[in-house]
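Comments concern the structure below.
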Amino acid sequence: MSRSRAPGIALTVALASFLAACVAASYRQVPPAVPQGAANPGGGAIGLPPADDDDITADVAAWGPPADAAAPPDAALQFSDDPVARGKYLVDAGDCQACHTRAGGVPFAGARGIRTPFGIIYSANITPDLKTGIGRWSEADFYRAMHNGIAHGGKNLYPAFPYTYFTRMSRPDVDAIYAYLRTLPPVYQPKPANKLPFPLNIRPLMAIWNALFFRPREFRPNPAMTAEWNRGAYLVWGPGHCGGCHTPKNLLLADRNGHALQGAAMSDWVALDLTADPRKGLASWSNGDLVEYLRSGRNAHAAASGPMQEVIYYSTSRMSDSDLAAIATYLKQLPPRRHMKGFAGPSEAAMRAGAAIYADTCVACHDEHGEGQPRTFPPLAGDASVQARDPATIVRLILAGSRSVPTPAAPTPLAMPPFDWKLSDDEVAAVATYVRNAWGNAAPEVKPRTVAKLRRRYAQAAERR
Amino acid sequence: MIKRGVSRRVAVLMGAAFSALASLTPGRAFAETIRRRLPWAADRSDRPLRRDERPGYIFFSPAEAAFVEAAAARMIPSDSTGPGAAEAEVPRFIDRQLAGPYGEGDRFYLQPPFPKGTATQGWQMGPPASVYRMSIAAIDRWSGATYGKPFAALDPASQDAALKTLEDGKADLGEGADSKAFFALLLQNVIEGYFADPIYGGNRDMSAWGMIGFPGARYDLTQWVSRYGEQYTLPPVGLTGRDAWKPRS
Amino acid sequence: MADPAVDVVLVGFGWTGAILAEALTAAGLNVLAFERGGWRTAPNDFAIPFDQDELRYMWRHHLFQNVAHSTLTFRNSPDQQALPMRRLGSFLPGAGVGGGGVHWNGQVWRFLPSDFKARSHNLERYGADVVNAYDMTVQDYPVSYEELEPYYDKFDYLCGVSGKAGNLGGQIQPGGNPFEGPRSRDYPNPPLNMPYGPSLFAKAAAGLGYHPFPHPAANMSRPYTNPLGVQLGQCTYCGFCEKFGCGNDSKSSPQTTILPVLMARPNFTLRTWCEVMKVELTRDHKHATGVSYVDENGVLGFQPASIVILSAFMLENVRQLLLAGIGTPYDPRTGTGTIGRNYSYQIVSSVNVFYDDKVTNPFIGAGALGMIIDDFNGDNFDHTGLGFIGGGYLGALNTGARPIETHPVPDKSPKWGAEFKRAIAENYVKTVPIVTHGAVMSHRNNYLDLDPTWRDTFGRPLMRMTFDFTDNEHKMSDYLTDKAAEIGRAMGGREVRSNKRSGHYDIAPYQTTHTTGGAIMGADPATSAINRYLQSWDVPNLFVAGANAFPQNAGYNPMGTVAALSYHCAEAIVNQYVKAPGPLVQA
């Protein structure tokens, strides 16, 4: 009995190791999450990142400004009777364009390379091209892909495509997306062969993975909660697939029960804790602050950086205020993590040097008290990403800079310049430690070797461009 | 339509010239057609070069270095008021400037002819590096003829007198040299080296800034605008920082 | 090969180009702009980690036009040989996206109502002898202050100007400039905080009965979102403003006020590193077909357009007219011809007040930070018997005392040596500068034409500038300097040093970048190149936008008026020209 199971277990272990390695080094992680209070739609799920060959900032640079700075998102589309209109809205809500468009390519024609430690997976062409797109797919084929993770022809899809979230979407919504995608001009754009080594290039392995971690099931509203809350839960756990980045995983990619949306480290960034954690989370944000952030990319507390910019650009800035309010209602009811590990306070030497660097170089935007210029230059006092346990985001911003995402509501691309040429590893570590521990902030000290490691990684990413 | 303008061949030549100019400007993307985009070069910026730490002089010959060291030391002498040109390493600054694009006159119009102009028509000589080379040689010849030794070997009082003669344009330096214009250039470069950011090789330890009370490469003086009559308290900082930036336990 | 035709092609993409492009694309026109420099943006090109570099930006001209490529030749009078301006000095034009709008100070002024009627007003008040003295060729503008007021207002709000109105709809406001023309509303932002020096100046000036007020500044006194939805940050008084780009988006520029919205529009295209060679005309020279240009790969192109607008620095605008053979070049001997006519400048001087006991920290600065009096500008005072017309403002401006450029020493100090060093060390943080900013009238012998000898990189003739100050300017400037010294003495310092502007105009030392004229606006095609809408009299589908339009200069920084004229021009194109192409004013 146990002998006959051995090959399956071996395969599972191999697969799990691969996935764990992928996840450890990638920024969008497995979301085996159970939306608290909502129906449990299944077990584990995996969504690999839409991280390119390129670094995310390369894409930010390539983005145009919003099409019409004056035009607000069309809220009427959200519940339109016209499936094409509703489908377009849902395509935005699902952030489909981000993964299904390569840099400089035609939207939805796919071929965007998704880098993993073992190779590159390319996104599919979802225009209705007969040869290279989904032109031959029926509505039922499309639903099976979204709901079961199985492509036209029966192949298993890699969970880089987050069917583990899309499975929660209703049939009419998935059909609407299909209807919209059919209206796109067909684009001939073959998908490059994935660059995955044996045995990970064997798609049927995914069936085993699905059997272990994935149960297809549509979202079921929680009758105990309001309609708005349920709409929010549906968006967060269905099309929005927020947990893909924001939920932490254990090494075998099983859920860390009770840690849904509590923030997760990714390779170059830290996905924020979306719960009401007073330090790392959104406790100080009102529902209105959340809506403003998702709509415009910034609010009085923060400006989006890293992969969240892409989500805002292609997705949330195009969603209706009522849907954003529903997301806010849902997120604001997430309880914070209960037990936090303690950490030692920062060294006096780092704080003293950090204070000098801060006073000399940072105050012109972020203010001597870390208060920033709200909505223009983000405050650092009380900021969640500054105080994240993993300093990847703050170190990255200091080294490489960032530019805020232009949205119709806030078209100005305000920017932080790179300081990599100016500050040594010691100095970056000191000023990062300082901003993490000044003005009532508290977070572990940043070590120069951490900065050195991240600096090398960004340099390699820049090299690839 | 094009024929009314310039021929294609000429245009290619012109473009090559233009291109050479454009390439002098680092960090730029060239000849872009920009539509529906706000370009931004992520991770890159038009940062300055770091301080050139090579020892010794790169442009100056020993004789030239001796002249510049001596002249700069008379223009900003070493005394109890603060650093002199020597302590601030002004000659090193000038050397690095002349060895670089400025020395070549990268932003000077250098097309001939070069007739002599009036006092109000500005610079009518070649690029700074060649003007230094020619002028220092001419000054040392003139100094030899007038004082019996090169400028650097004169005593300070004689050096001051010689500099005054140069400043007034009363030294006959021979064909092509212009003592007044060269003196003005040298004095300008000395002041530049004294007060420029230390990354350029002079203003060592920001001591010249410290002497006058200039806060250096800061970007926020908001808190000081309304503090009437108060001496600014933070020490000067350079583009690459100051001592206090180094963590020390 | 011709590129696809556009409605409007713009030659030059600084403030003027960006203003016109925004206004014209908003009306649905398809616009393409050529810029001979590159794309520039704060985080890449003038960012806080390296922006505070006096040597690189001021003295090595990093953001300015590179004269190695193209310059001009200069002489004081027509009987001299003009020689090339081999390095920048007297004025500092920009190159690259944003043009001079990147490194300007942000001094936003309106001309006085009487400045627009400089000839008729002075004739009426002082008579022909005064107006025609010194070979002056002063003319009236073909537009009035009242006509331009809405466009001035538009630029104030675009830029988020910090200031205090002195005249709201005819009501004089305490604390503002009582001499200014009526405004339809106050400035969008309150004045900047005043440092010690300007406050000492204001107190002394008020004590003498003058009317000090805060300099109107496109430096933000608080975070601001302009009517296009573009955000600016709050100024931090860093002192690296004039001659520098702003690292924290707190100085208005095309980048910080227009481009985020303009660049989003599908009907706008920008081509960088493309040098426009020539405005191309039909055989009869009555119609522009477009422009020929060269990109940095040496590819020569032709861009057809229904409308061509010259929107480069004014000297380049005039040169393009001369290169294309549009209109008649001005001839000083006969006083006829229109292209190159009435080139003007400004005349500046300064006074330093030195204290023993007051620390003024003059390095605290912003481009337009200071207190001003306008009592001696334009015709705000009686010129009877003074022997000149025109005037200027004067005031204590803290633009940032960067030490290579600014290390004032008392009158008797030598210029080098131990005494010089001690004088710098003792005085640097204990001085207040007062500047005067005077008008230059137009004169028969001050003009622009093409140089016969020197050429640019592309083989085209350089512009030749013939210019000198006359006694009108010297008398006026000395008058202003004496007033500044009078206030300086009332400021209670140890000593006051006057730096008068004497002698011939000198191309070498920096004075001001406010060069004007050469393709001036007027009501008569015999004495002007363009009409009240900046439209060429000779080629009706060509417009020439910039300070070249000023018939003579005023005692104010020109950008506010250049912007107002540009908005006025754009509105005429949209509302009149597009509907009925042709001359908007019958000659």
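Ordering of the structure tokens sets the chain letters (A, B, ...), residue numbers begin anew at 1 in every chain, and ligands are numbered from 1 in the order given.
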Open item on the list: Would you pick out the contacts of Pro55 of chain B at 12 Å or less, using only C-alpha atoms, so that residues sharing its chain but fewer than 4 positions from it are not included, and give the list as a list in words?
Closed with: Arg51, Arg92, Asp95, Arg96 and Gly201 of chain B
Task: Secondary structure check, strand (DSSP E or B) residues of segment 72-317 of chain C, as a VMD selection string - done: chain C and resid 72 to 75 83 to 84 94 107 136 162 167 to 168 171 to 172 183 189 213 to 214 217 219 224 to 225 231 to 232 238 251 268 to 271 274 to 281 288 to 295 300 to 310
TODO: Write out as a ChimeraX atom specification every residue belonging to chain B that has an atom at most 6 Å from any atom of chain A, counting only C-alpha atoms.
DONE: /B:36-37,39-40,43,218-220,240,244-249
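The shell of residues at most 9 Å from Pro204 of chain A, with only C-alpha atoms counted and near chain neighbours (fewer than 3 positions) removed, consists of Lys155, Asn156, Ala207 and Ile208 of chain A.
In this structure, atom CA of Gly110 of chain A sits 21.2 Å away from atom CA of Ile202 of chain A.
Using only C-alpha atoms for every distance, the candidate list C:Pro452, C:Pro304, C:Pro49, C:Gly438 yields C:Pro49 as the residue closest to Pro48 of chain B.
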Output as a Markdown table one row per residue of chain C within 12 Å of chain A: the closest atom pair and its distance in Å to one decimal place, counting only C-alpha atoms, sorted by chain and residue number ascending.
```
| residue | atom | partner | partner_atom | distance |
| --- | --- | --- | --- | --- |
| C:Ala26 | CA | A:Asp68 | CA | 11.2 |
| C:Thr41 | CA | A:Ala415 | CA | 9.5 |
| C:Ala42 | CA | A:Ala415 | CA | 7.9 |
| C:Pro43 | CA | A:Pro417 | CA | 4.7 |
| C:Asn44 | CA | A:Pro417 | CA | 7.0 |
| C:Asp45 | CA | A:Pro417 | CA | 9.7 |
| C:Phe46 | CA | A:Pro417 | CA | 9.5 |
| C:Ala47 | CA | A:Pro417 | CA | 6.2 |
| C:Ile48 | CA | A:Pro417 | CA | 7.4 |
| C:Pro49 | CA | A:Phe419 | CA | 6.6 |
| C:Phe50 | CA | A:Lys422 | CA | 8.7 |
| C:Asp51 | CA | A:Pro417 | CA | 11.1 |
| C:Gln52 | CA | A:Thr361 | CA | 10.9 |
| C:Arg222 | CA | A:Gln373 | CA | 9.1 |
| C:Pro223 | CA | A:Gln373 | CA | 7.3 |
| C:Tyr224 | CA | A:Thr376 | CA | 9.1 |
| C:Thr225 | CA | A:Thr412 | CA | 9.6 |
| C:Asn226 | CA | A:Thr412 | CA | 10.8 |
| C:Pro227 | CA | A:Ala70 | CA | 10.9 |
| C:Leu228 | CA | A:Ala70 | CA | 8.7 |
| C:Gly229 | CA | A:Pro411 | CA | 7.0 |
| C:Val230 | CA | A:Thr412 | CA | 5.4 |
| C:Gln231 | CA | A:Thr412 | CA | 5.9 |
| C:Leu232 | CA | A:Thr376 | CA | 7.3 |
| C:Gly233 | CA | A:Thr376 | CA | 6.2 |
| C:Gln234 | CA | A:Gln373 | CA | 7.6 |
| C:Cys235 | CA | A:Ala364 | CA | 8.4 |
| C:Thr236 | CA | A:Ala364 | CA | 6.1 |
| C:Tyr237 | CA | A:Ala364 | CA | 9.2 |
| C:Cys238 | CA | A:Ala364 | CA | 8.4 |
| C:Cys246 | CA | A:Ala364 | CA | 11.2 |
| C:Gly247 | CA | A:Ala364 | CA | 9.0 |
| C:Asn248 | CA | A:Cys365 | CA | 6.5 |
| C:Asp249 | CA | A:Leu414 | CA | 7.7 |
| C:Ser250 | CA | A:Cys365 | CA | 9.9 |
| C:Gln255 | CA | A:Thr412 | CA | 9.4 |
| C:Thr256 | CA | A:Thr412 | CA | 7.9 |
| C:Thr257 | CA | A:Thr412 | CA | 8.8 |
| C:Ile258 | CA | A:Thr412 | CA | 9.4 |
| C:Leu259 | CA | A:Thr412 | CA | 8.7 |
| C:Pro260 | CA | A:Thr412 | CA | 5.6 |
| C:Val261 | CA | A:Ala69 | CA | 6.7 |
| C:Leu262 | CA | A:Pro65 | CA | 9.3 |
| C:Met263 | CA | A:Pro65 | CA | 7.1 |
| C:Ala264 | CA | A:Pro65 | CA | 5.0 |
| C:Arg265 | CA | A:Ala67 | CA | 7.0 |
| C:Pro266 | CA | A:Ala67 | CA | 7.9 |
| C:Asn267 | CA | A:Ala67 | CA | 11.3 |
```
TODO: Excluding Gly193 of chain B and any residue of its chain fewer than 3 positions from it, enumerate the residues within 8 Å of it, using only C-alpha atoms, and give them as an NGL selection string.
DONE: :B and (88-91 or 93-94 or 189-190 or 196 or 200-203)
Task: All residues 6 Å or closer to segment 276-289 of chain C, only C-alpha atoms, same chain fewer than 4 positions away omitted, as a PyMOL selection string - done: chain C and resi 293+304+324+539
TODO: Report the residues of segment 284-388 of chain A whose backbone DSSP state falls under helix (DSSP H, G or I), written as a VMD selection string.
DONE: chain A and resid 287 to 296 307 to 314 316 to 318 321 to 332 348 to 361 363 to 366
Task: Selection: 12 Å around Ala161 of chain B, only C-alpha atoms, excl. self and same-chain fewer than 3 positions, as a PyMOL selection string - done: (chain B and resi 71+74-75+143+146-147+151+154-158+164-168+170-171) or (chain C and resi 417)
Per residue of chain C within 6 Å of chain B, which atom pair is closest and at what distance in Å (one decimal), using only C-alpha atoms, listed by chain and increasing number, as a tab-separated table?
```
residue	atom	partner	partner_atom	distance
C:Asn44	CA	B:Ser45	CA	4.1
C:Asp45	CA	B:Asp46	CA	5.2
C:Gln52	CA	B:Ala217	CA	5.1
C:Leu55	CA	B:Ala196	CA	5.8
C:Asn66	CA	B:Arg107	CA	5.5
C:Val67	CA	B:Tyr109	CA	5.5
C:Ala68	CA	B:Tyr109	CA	3.9
C:Arg86	CA	B:Tyr109	CA	4.4
C:Arg87	CA	B:Phe108	CA	4.9
C:Pro195	CA	B:Val225	CA	4.8
C:Tyr196	CA	B:Tyr228	CA	5.2
C:Thr236	CA	B:Asp220	CA	4.7
C:Tyr237	CA	B:Leu221	CA	5.4
C:Cys238	CA	B:Tyr219	CA	4.6
C:Met263	CA	B:Arg36	CA	5.4
C:Ala264	CA	B:Arg36	CA	4.7
C:Thr269	CA	B:Arg35	CA	4.9
C:Leu270	CA	B:Ile34	CA	5.0
C:Arg271	CA	B:Thr33	CA	4.5
C:Thr272	CA	B:Ala31	CA	5.0
C:Trp273	CA	B:Ala31	CA	4.5
C:Glu296	CA	B:Ser19	CA	4.8
C:Asn297	CA	B:Gly15	CA	5.4
C:Gly298	CA	B:Gly15	CA	3.3
C:Leu300	CA	B:Ala11	CA	5.9
C:Lys358	CA	B:Gly229	CA	5.5
C:Val359	CA	B:Gly229	CA	4.4
C:Thr360	CA	B:Gly229	CA	5.8
C:Ile404	CA	B:Glu192	CA	5.6
C:Trp416	CA	B:Met75	CA	4.9
C:Gly417	CA	B:Met75	CA	4.5
C:Ala418	CA	B:Pro77	CA	5.7
C:Ala425	CA	B:Ile212	CA	4.7
C:Tyr428	CA	B:Ile212	CA	5.9
C:Phe458	CA	B:Met14	CA	5.2
C:Asp506	CA	B:Thr120	CA	4.2
C:Ile507	CA	B:Gln121	CA	5.7
C:Ala508	CA	B:Gly122	CA	4.9
```
Residues of the last selection are to be written out with N, CA and C atoms, as an mmCIF file, in the first residue's frame.
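The result, stored in again10.cif:
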```
data_model
loop_
_atom_site.group_PDB
_atom_site.id
_atom_site.type_symbol
_atom_site.label_atom_id
_atom_site.label_comp_id
_atom_site.auth_asym_id
_atom_site.auth_seq_id
_atom_site.Cartn_x
_atom_site.Cartn_y
_atom_site.Cartn_z
ATOM 1 N N ASN C 44 15.339 62.096 -13.057
ATOM 2 C CA ASN C 44 16.469 61.676 -13.881
ATOM 3 C C ASN C 44 17.494 62.775 -14.088
ATOM 4 N N ASP C 45 17.037 64.005 -14.245
ATOM 5 C CA ASP C 45 17.939 65.039 -14.756
ATOM 6 C C ASP C 45 18.304 66.134 -13.763
ATOM 7 N N GLN C 52 22.100 70.015 -6.207
ATOM 8 C CA GLN C 52 22.703 71.173 -5.517
ATOM 9 C C GLN C 52 24.164 71.287 -5.892
ATOM 10 N N LEU C 55 28.722 74.226 -9.488
ATOM 11 C CA LEU C 55 29.685 74.189 -10.585
ATOM 12 C C LEU C 55 29.045 73.616 -11.844
ATOM 13 N N ASN C 66 23.830 74.728 -25.426
ATOM 14 C CA ASN C 66 25.256 74.514 -25.647
ATOM 15 C C ASN C 66 25.707 75.341 -26.853
ATOM 16 N N VAL C 67 26.497 76.384 -26.581
ATOM 17 C CA VAL C 67 26.883 77.274 -27.673
ATOM 18 C C VAL C 67 27.941 76.654 -28.589
ATOM 19 N N ALA C 68 28.504 75.501 -28.213
ATOM 20 C CA ALA C 68 29.436 74.829 -29.128
ATOM 21 C C ALA C 68 28.732 74.524 -30.444
ATOM 22 N N ARG C 86 31.449 83.055 -27.576
ATOM 23 C CA ARG C 86 32.042 81.715 -27.579
ATOM 24 C C ARG C 86 31.676 80.897 -26.344
ATOM 25 N N ARG C 87 31.228 81.568 -25.302
ATOM 26 C CA ARG C 87 30.634 80.829 -24.190
ATOM 27 C C ARG C 87 29.489 81.648 -23.632
ATOM 28 N N PRO C 195 12.451 85.620 4.335
ATOM 29 C CA PRO C 195 13.658 85.573 5.167
ATOM 30 C C PRO C 195 13.993 86.966 5.715
ATOM 31 N N TYR C 196 15.054 87.009 6.493
ATOM 32 C CA TYR C 196 15.417 88.222 7.224
ATOM 33 C C TYR C 196 15.712 89.395 6.287
ATOM 34 N N THR C 236 11.002 74.364 -0.568
ATOM 35 C CA THR C 236 11.788 74.157 0.646
ATOM 36 C C THR C 236 12.954 75.144 0.755
ATOM 37 N N TYR C 237 12.903 76.234 -0.027
ATOM 38 C CA TYR C 237 13.843 77.352 0.135
ATOM 39 C C TYR C 237 15.303 76.894 0.045
ATOM 40 N N CYS C 238 15.568 75.952 -0.855
ATOM 41 C CA CYS C 238 16.884 75.311 -0.873
ATOM 42 C C CYS C 238 17.967 76.218 -1.431
ATOM 43 N N MET C 263 0.898 65.087 -22.251
ATOM 44 C CA MET C 263 1.497 63.889 -22.846
ATOM 45 C C MET C 263 0.498 62.736 -22.924
ATOM 46 N N ALA C 264 -0.592 62.833 -22.145
ATOM 47 C CA ALA C 264 -1.609 61.778 -22.177
ATOM 48 C C ALA C 264 -2.511 61.883 -23.392
ATOM 49 N N THR C 269 2.115 64.829 -30.139
ATOM 50 C CA THR C 269 3.352 64.074 -30.346
ATOM 51 C C THR C 269 4.528 65.001 -30.101
ATOM 52 N N LEU C 270 5.514 64.478 -29.396
ATOM 53 C CA LEU C 270 6.741 65.239 -29.152
ATOM 54 C C LEU C 270 7.902 64.509 -29.800
ATOM 55 N N ARG C 271 8.722 65.235 -30.525
ATOM 56 C CA ARG C 271 9.923 64.630 -31.109
ATOM 57 C C ARG C 271 11.137 65.336 -30.524
ATOM 58 N N THR C 272 11.935 64.575 -29.774
ATOM 59 C CA THR C 272 13.115 65.161 -29.135
ATOM 60 C C THR C 272 14.356 64.931 -29.976
ATOM 61 N N TRP C 273 15.394 65.690 -29.658
ATOM 62 C CA TRP C 273 16.665 65.651 -30.390
ATOM 63 C C TRP C 273 16.451 65.788 -31.891
ATOM 64 N N GLU C 296 19.067 63.164 -34.761
ATOM 65 C CA GLU C 296 20.465 62.998 -34.397
ATOM 66 C C GLU C 296 21.129 61.879 -35.193
ATOM 67 N N ASN C 297 20.348 61.097 -35.928
ATOM 68 C CA ASN C 297 20.951 60.099 -36.805
ATOM 69 C C ASN C 297 21.296 60.682 -38.166
ATOM 70 N N GLY C 298 21.073 61.963 -38.315
ATOM 71 C CA GLY C 298 21.384 62.598 -39.580
ATOM 72 C C GLY C 298 20.282 62.438 -40.605
ATOM 73 N N LEU C 300 17.244 63.509 -42.517
ATOM 74 C CA LEU C 300 16.548 64.749 -42.816
ATOM 75 C C LEU C 300 15.094 64.425 -43.089
ATOM 76 N N LYS C 358 24.038 91.501 12.126
ATOM 77 C CA LYS C 358 22.839 90.765 11.717
ATOM 78 C C LYS C 358 23.208 89.583 10.822
ATOM 79 N N VAL C 359 22.848 88.387 11.253
ATOM 80 C CA VAL C 359 23.053 87.187 10.429
ATOM 81 C C VAL C 359 21.825 87.025 9.537
ATOM 82 N N THR C 360 22.021 87.153 8.233
ATOM 83 C CA THR C 360 20.890 87.155 7.301
ATOM 84 C C THR C 360 20.746 85.854 6.534
ATOM 85 N N ILE C 404 30.196 80.371 -5.268
ATOM 86 C CA ILE C 404 31.077 80.709 -6.394
ATOM 87 C C ILE C 404 30.578 82.002 -7.036
ATOM 88 N N TRP C 416 41.229 89.674 -4.862
ATOM 89 C CA TRP C 416 41.900 88.412 -4.522
ATOM 90 C C TRP C 416 42.932 88.694 -3.441
ATOM 91 N N GLY C 417 43.428 87.632 -2.836
ATOM 92 C CA GLY C 417 44.433 87.809 -1.791
ATOM 93 C C GLY C 417 43.836 87.662 -0.393
ATOM 94 N N ALA C 418 44.699 87.862 0.607
ATOM 95 C CA ALA C 418 44.301 87.618 1.988
ATOM 96 C C ALA C 418 43.146 88.513 2.428
ATOM 97 N N ALA C 425 34.877 85.863 4.226
ATOM 98 C CA ALA C 425 34.578 85.112 5.452
ATOM 99 C C ALA C 425 33.763 85.954 6.430
ATOM 100 N N TYR C 428 29.905 86.987 4.370
ATOM 101 C CA TYR C 428 29.008 86.134 3.584
ATOM 102 C C TYR C 428 27.610 85.978 4.191
ATOM 103 N N PHE C 458 25.306 73.064 -38.340
ATOM 104 C CA PHE C 458 24.588 72.639 -39.537
ATOM 105 C C PHE C 458 24.913 73.509 -40.745
ATOM 106 N N ASP C 506 28.124 94.519 -22.067
ATOM 107 C CA ASP C 506 29.179 93.512 -22.131
ATOM 108 C C ASP C 506 28.529 92.133 -22.194
ATOM 109 N N ILE C 507 28.884 91.335 -23.184
ATOM 110 C CA ILE C 507 28.253 90.034 -23.421
ATOM 111 C C ILE C 507 28.719 88.976 -22.414
ATOM 112 N N ALA C 508 29.797 89.263 -21.664
ATOM 113 C CA ALA C 508 30.405 88.207 -20.842
ATOM 114 C C ALA C 508 29.735 87.970 -19.481
#
```
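For Asp129 of chain A, the list of residues within 10 Å, based on only C-alpha atoms and with local chain neighbours fewer than 6 positions off taken out, reads A:Ala109, A:Gly135, A:Arg136, A:Arg182, A:Leu184, A:Pro185, A:Pro186, A:Val187, A:Tyr188, A:Gln189, A:Pro190.
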